[in-house]
Structure formats: structure tokens, C-alpha cells
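Enquirer: Sharing a structure with you now.
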Amino acid sequence: MALSKRRVAIVGTGGIATSHARAVTALADRAELVAAVDVDVDRAKEFASKWGIPAVYPSLTELLAAGGVDLVQLCTPPSSHVPLAAECLAADVDVFVEKPPTLSLDELDTLLEAEQASSAKVVCVFQHRFGSGAVRLRQLLADGVLGRPLVALCNTVWFRDDAYFAVPWRGTFEVEGGGPTMGHGIHQYDLLLSVLGPWQKVTALAARQARPTQTEDVSMAMVTFENGAVASIVNSLVSPRQTSQLRFDCENATVELEHLYGYENSNWTVTPADGHAEIADAWSKELPDVASGHTAQLATIFDALDAGTPAPVTLTEARDTVELAAAIYASAFTDKPIHRGELTRGTPYARRMGGPGAPWA
Ligand SMILES: NC(=O)c1ccc[n+]([C@@H]2O[C@H](COP(=O)([O-])OP(=O)(O)OC[C@H]3O[C@@H](n4cnc5c(N)ncnc54)[C@H](O)[C@@H]3O)[C@@H](O)[C@H]2O)c1
């Protein structure tokens with residue numbers, strides 16, 4: 001029996017909402033946009049008219065009261081994610097929350113509790129996990145083809161000028177949650193974690209080099225993983241030649257990704273070690289070319305919902321990534337290594353990414 005189309009509403013019709021509308025439109029056989037919501041109603045109306053969305057509401061509360069929605073795509077600024085996602089859960093409506101899902105680890109645990117009391121689920125936007133290259137890399141590692149992963153590099157070296165921070169919610173721990181560690185590099189190291197698995201320990205530094213922010217504009221971290229791999233992570237907003245890079249040196253091959261805001265198969269290179277030439281074929285054999293992005297993740301969500309399985313990225317899966325963000329700040333601001341599990345509920349860096357305050361505040 002054909003499944004009925006899922007009725008989707010977009011809440012927050014600013015910049016990233018376009019990627020969400022595009023994703024639903026690309027999956028028009030599985031979903032339809034039924035409502036747009038923004039506290040700026042004129043903006044919501046303009047957005048609705050552009051995407052052919054029939055209903056507009058000034059608040060999530062009014063949308064949920066009207067009913068008839070299966071999935072909310074939450075595209076509002078970070079500090080509103082937890083209260084709005086909790087409202088969706090209370091109404092038993094699934095919610096796809098933009099990154100970062102929460103401002104802190106404690107907030108994430110509070111949202112997990114709200115999820116347990118609901119029949120609905122929170123799904124977190126981490127779209128770079130879903131391109132064909134990332135899927136193939138995880139598969140080849142799981143199958144043992146690449147051997148053990150030994151060393152990884154994860155660089156998100158981007159450029160944002162002072163004007164970028166004029167938007168009121170940017171550059172503060174209270175509203176954005178942090179600087180490039182929380183807002184920009186989080187995509188790359190989320191992908192890193194999806195490949196290497198649970199992290200164990202991090203030693204980090206953070207600096208405010210040039211931007212008029214409360215938060216860092218650069219952070220760097222060295223991370224060890226349960227599987228024995230080691231990685232370095234750089235998150236920067238002061239790098240004029242922008243790029244996003246991942247490099248995995250495994251026993252049998254080096255696998256590299258270089259892109260900016262999203263990748264296709266052509267962004268990946270695989271260099272087999274001597275004696276492992278067959279890995280090039282294993283990489284490219286029947287490889288689909290699904291680009292990373294909201295469409296790829298949304299398709300995976302619909303697959304999971306259809307199958308009745310948890311839709312990725314679950315809040316529990318995202319917890320590892322948010323905990324690493326908190327640990328990077330805790331290590332950088334206290335000048336000590338931080339182990340996974342150390343930032344227990346109610347402790348300063350679990351409560352707030354910036355803890356008691358950045359050293360430069
Ligand atoms: N996944 C990605 O690649 C990616 C890229 C950019 C931004 N983001 C994330 O998307 C989110 C939004 O970013 P943006 O750049 O689109 O911001 P934006 O400022 O362009 O848009 C946010 C919109 O939300 C509206 N809004 C604020 N509070 C609201 C509320 N309570 N109810 C309804 N509407 C409300 C604002 O009026 C605004 O129109 C952020 O969490 C950001 O980190 C993700």
C-alpha cells in the first residue's frame with residue numbers, strides 16, 4: 001500500500017529554510033509543505049508565496065493548535081531550538097532541528113527526557129553524514145577493507161567578516177551557543193565522529209583572533225578515539241582561503257574529502273597503500289552520487305519513518321557531538337584534557353558551552 005505524503009511545516013523562514021524547502025520539493029512524492037511559520041509574518045508570507053505553501057502562522061503554538069502537521073522543520077536561531085522542539089514533542093509531532101540542536105549538553109539531556117515522554121522524536125540536522133562518499137567510507141571501514149583508521153585531520157577553515165556578526169544572535173554563547181566550534185565546524189567533526197565512533201579524550205585551545213565576538217573565532221583540538229584512532233580538529237572563521245577538509249589515514253589507504261559547504265563524489269580522493277590497489281575499485285563500485293545536504297538526510301528520515309526505525313541523526317547520536325563541543329570549550333578554557341563522560345549534569349561546561357566565561361571576556 002502506498003504511504004501517504006508527510007505534511008511538513010517550516011518554522012523560521014530565514015536563510016537555511018530555503019535548503020529545507022528545496023529538500024521537501026525534491027522529495028515531492030513523499031512529502032508536501034503545508035505551512036510556513038515566522039515571528040516575522042511578512043517574511044513567512046513571502047517565503048510561502050515563493051514555495052507555494054498554503055498556510056502561514058506567526059507562531060509554532062498556532063501551527064500546532066491548527067493541527068494537520070506530521071513533521072516540523074525547525075530553522076530558527078539556536079537559543080530557540082529546545083523550547084520549540086519541546087513544544088513539538090508535547091504535541092506529539094516529530095521535529096527536525098537545525099544545528100546545533102541545543103546550546104549545551106544539559107539542554108540536550110533535558111530534551112532527551114522530553115522525548116521519552118512523547119510519542120514523537122527529535123531528529124538533528126547533520127546533513128554531511130548522508131552523502132554517498134561518507135556512506136561508502138563507513139561501509140568500507142565496517143567491512144575491514146580499509147584496515148584500522150589511525151590518524152584523521154578535520155579542518156573547517158572558513159572566513160566570516162565583522163558584518164556577519166551584526167545579526168543579533170551571532171557570536172554569543174547565550175544565543176548561538178559558541179563560535180565556529182558550535183556553529184560551523186560542528187558539521188565536519190560530526191561527520192568525523194560518524195566515521196570514527198566514540199571519542200575518548202580531548203585537549204584543546206580556543207582564541208579570539210580578530211572578530212568582534214564574545215565567543216572564540218578559532219579553536220583547535222586533539223582527540224583520541226575508543227578504536228585507537230587519533231585526530232586533530234581546526235575550526236576557524238578567520239581563514240581567507242576557505243575550505244572544509246577531512247583526511248583519514250587508515251592501514252590500507254588514505255581517504256580525503258575537500259569541499260566547502262557540501263560535497264559530491266568528485267570531492268573525495270582515495271589513495272591506496274602499496275599492495276592495496278583493489279581499494280580504488282571497492283570505493284567506486286556501484287557508488288551512487290548522492291550529494292551531502294538536507295535532501296539526502298530528509299530522504300533517510302522518510303525511509304526510517306516508513307520502516308518504523310529511529311530516524312538519523314537521533315538526539316542520542318547527536319549527544320556525542322555536542323559533548324565533544326562542550327569538552328573542547330572546557331579543555332580550552334581550563335587548560336586541561338577532558339575525558340568523555342567527565343562533564344556531568346550541572347557542571348559549568350555542561351550547563352553552558354562557555355562555562356563561567358571565556359578567558360578574554
Ligand atoms: N545545516 C546547515 O548547514 C546550516 C547552515 C546555516 C544555518 N544553520 C542553522 O539554522 C538555524 C537558522 O539559521 P539562519 O541562518 O536561517 O537564521 P536566520 O536569522 O536567517 O533565520 C531565522 C528565522 O527564524 C525566525 N524566528 C526566530 N525566532 C522564531 C520563533 N520563535 N518562531 C518562529 N520563527 C522564529 C526569524 O524571524 C528568522 O526569520 C540556526 O540554528 C543555524 O545554526 C544551519
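Residue numbering restarts at 1 for every chain of the C-alpha cells, chains are lettered A, B, ... in their displayed order, and ligands are numbered from 1 as they appear.
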Find the spatial neighbours of region 78-84 of chain A, counting only C-alpha atoms, within a cut-off of 10 Å - ignore same-chain residues fewer than 4 positions away - and output them as a PyMOL selection string.
Expert: chain A and resi 11+59-61+72+74+88-90+95+97-104+107-108+110-111+114+169-170+173-177+182-183
Enquirer: Given the choices A:Asn252, A:Thr25, A:Asn227, A:Gln73, which gets closest to Ala9 (chain A) if the distance is worked out from only C-alpha atoms?
Expert: A:Gln73
Enquirer: Mind checking which residues fall within 12 Å of Arg345 (chain A), counting only C-alpha atoms, ignoring those fewer than 3 positions away in the same chain, and posting them as a VMD selection string?
Expert: chain A and resid 104 to 110 323 326 341 to 342 348 to 352
Enquirer: If you run DSSP on the backbone, which residues of region 139-326 of chain A are strand (DSSP E or B), as a count of residues only?
Expert: 61
Enquirer: Extract, using only C-alpha atoms, all DNA, RNA and protein residues at most 8 Å from Ser232 (chain A), discarding same-chain residues fewer than 3 positions from it, and format them as a list in words.
Expert: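 What passes the distance filter is Ala152, Leu153, Cys154, Met220, Ala221, Met222 and Val223 of chain A.
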Enquirer: Counting only C-alpha atoms, what is within 10 Å of Val255 (chain A), bar same-chain residues fewer than 5 positions away, as a PyMOL selection string?
Expert: chain A and resi 133+137+146+152+246-250+268-272+283
Enquirer: Could you write out that same residue set with N, CA and C atoms as a PDB file, in the first residue's frame?
Expert:
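So again.pdb came out as:
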ATOM      1  N   GLY A 133      29.742   9.474  -0.435  1.00  0.00           N
ATOM      2  CA  GLY A 133      31.138   9.247  -0.030  1.00  0.00           C
ATOM      3  C   GLY A 133      31.224   8.859   1.444  1.00  0.00           C
ATOM      4  N   LEU A 137      32.520   5.323   2.907  1.00  0.00           N
ATOM      5  CA  LEU A 137      33.660   5.278   3.827  1.00  0.00           C
ATOM      6  C   LEU A 137      33.297   4.463   5.084  1.00  0.00           C
ATOM      7  N   LEU A 146      39.487  -1.090   4.594  1.00  0.00           N
ATOM      8  CA  LEU A 146      40.491  -0.020   4.732  1.00  0.00           C
ATOM      9  C   LEU A 146      41.493  -0.313   5.850  1.00  0.00           C
ATOM     10  N   ALA A 152      43.450  11.070  11.728  1.00  0.00           N
ATOM     11  CA  ALA A 152      42.495  11.854  10.933  1.00  0.00           C
ATOM     12  C   ALA A 152      42.736  13.342  11.149  1.00  0.00           C
ATOM     13  N   LEU A 246      38.612  16.828   5.299  1.00  0.00           N
ATOM     14  CA  LEU A 246      38.734  15.672   6.187  1.00  0.00           C
ATOM     15  C   LEU A 246      39.750  14.732   5.564  1.00  0.00           C
ATOM     16  N   ARG A 247      40.580  14.137   6.381  1.00  0.00           N
ATOM     17  CA  ARG A 247      41.547  13.166   5.874  1.00  0.00           C
ATOM     18  C   ARG A 247      41.612  12.012   6.872  1.00  0.00           C
ATOM     19  N   PHE A 248      41.436  10.812   6.355  1.00  0.00           N
ATOM     20  CA  PHE A 248      41.513   9.609   7.191  1.00  0.00           C
ATOM     21  C   PHE A 248      42.663   8.753   6.675  1.00  0.00           C
ATOM     22  N   ASP A 249      43.684   8.581   7.487  1.00  0.00           N
ATOM     23  CA  ASP A 249      44.777   7.667   7.136  1.00  0.00           C
ATOM     24  C   ASP A 249      44.507   6.344   7.831  1.00  0.00           C
ATOM     25  N   CYS A 250      44.171   5.353   7.006  1.00  0.00           N
ATOM     26  CA  CYS A 250      43.882   4.015   7.533  1.00  0.00           C
ATOM     27  C   CYS A 250      45.059   3.108   7.182  1.00  0.00           C
ATOM     28  N   TRP A 268      35.921  13.601  -3.218  1.00  0.00           N
ATOM     29  CA  TRP A 268      36.642  12.587  -2.442  1.00  0.00           C
ATOM     30  C   TRP A 268      37.815  12.032  -3.249  1.00  0.00           C
ATOM     31  N   THR A 269      38.939  11.751  -2.595  1.00  0.00           N
ATOM     32  CA  THR A 269      40.033  11.015  -3.243  1.00  0.00           C
ATOM     33  C   THR A 269      40.462   9.862  -2.334  1.00  0.00           C
ATOM     34  N   VAL A 270      40.841   8.778  -2.966  1.00  0.00           N
ATOM     35  CA  VAL A 270      41.268   7.586  -2.229  1.00  0.00           C
ATOM     36  C   VAL A 270      42.640   7.210  -2.749  1.00  0.00           C
ATOM     37  N   THR A 271      43.612   7.097  -1.856  1.00  0.00           N
ATOM     38  CA  THR A 271      44.977   6.716  -2.241  1.00  0.00           C
ATOM     39  C   THR A 271      45.331   5.417  -1.534  1.00  0.00           C
ATOM     40  N   PRO A 272      45.297   4.293  -2.265  1.00  0.00           N
ATOM     41  CA  PRO A 272      45.613   3.011  -1.613  1.00  0.00           C
ATOM     42  C   PRO A 272      47.082   2.944  -1.191  1.00  0.00           C
ATOM     43  N   TRP A 283      36.045   1.294  -3.635  1.00  0.00           N
ATOM     44  CA  TRP A 283      35.455   2.611  -3.357  1.00  0.00           C
ATOM     45  C   TRP A 283      34.408   2.976  -4.406  1.00  0.00           C
TER      46      TRP A 283
END
Enquirer: For Asp217 (chain A), which of A:Asp42, A:Glu256, A:Asp190, A:Asp161 is the closest residue, counting only C-alpha atoms?
Expert: A:Asp161
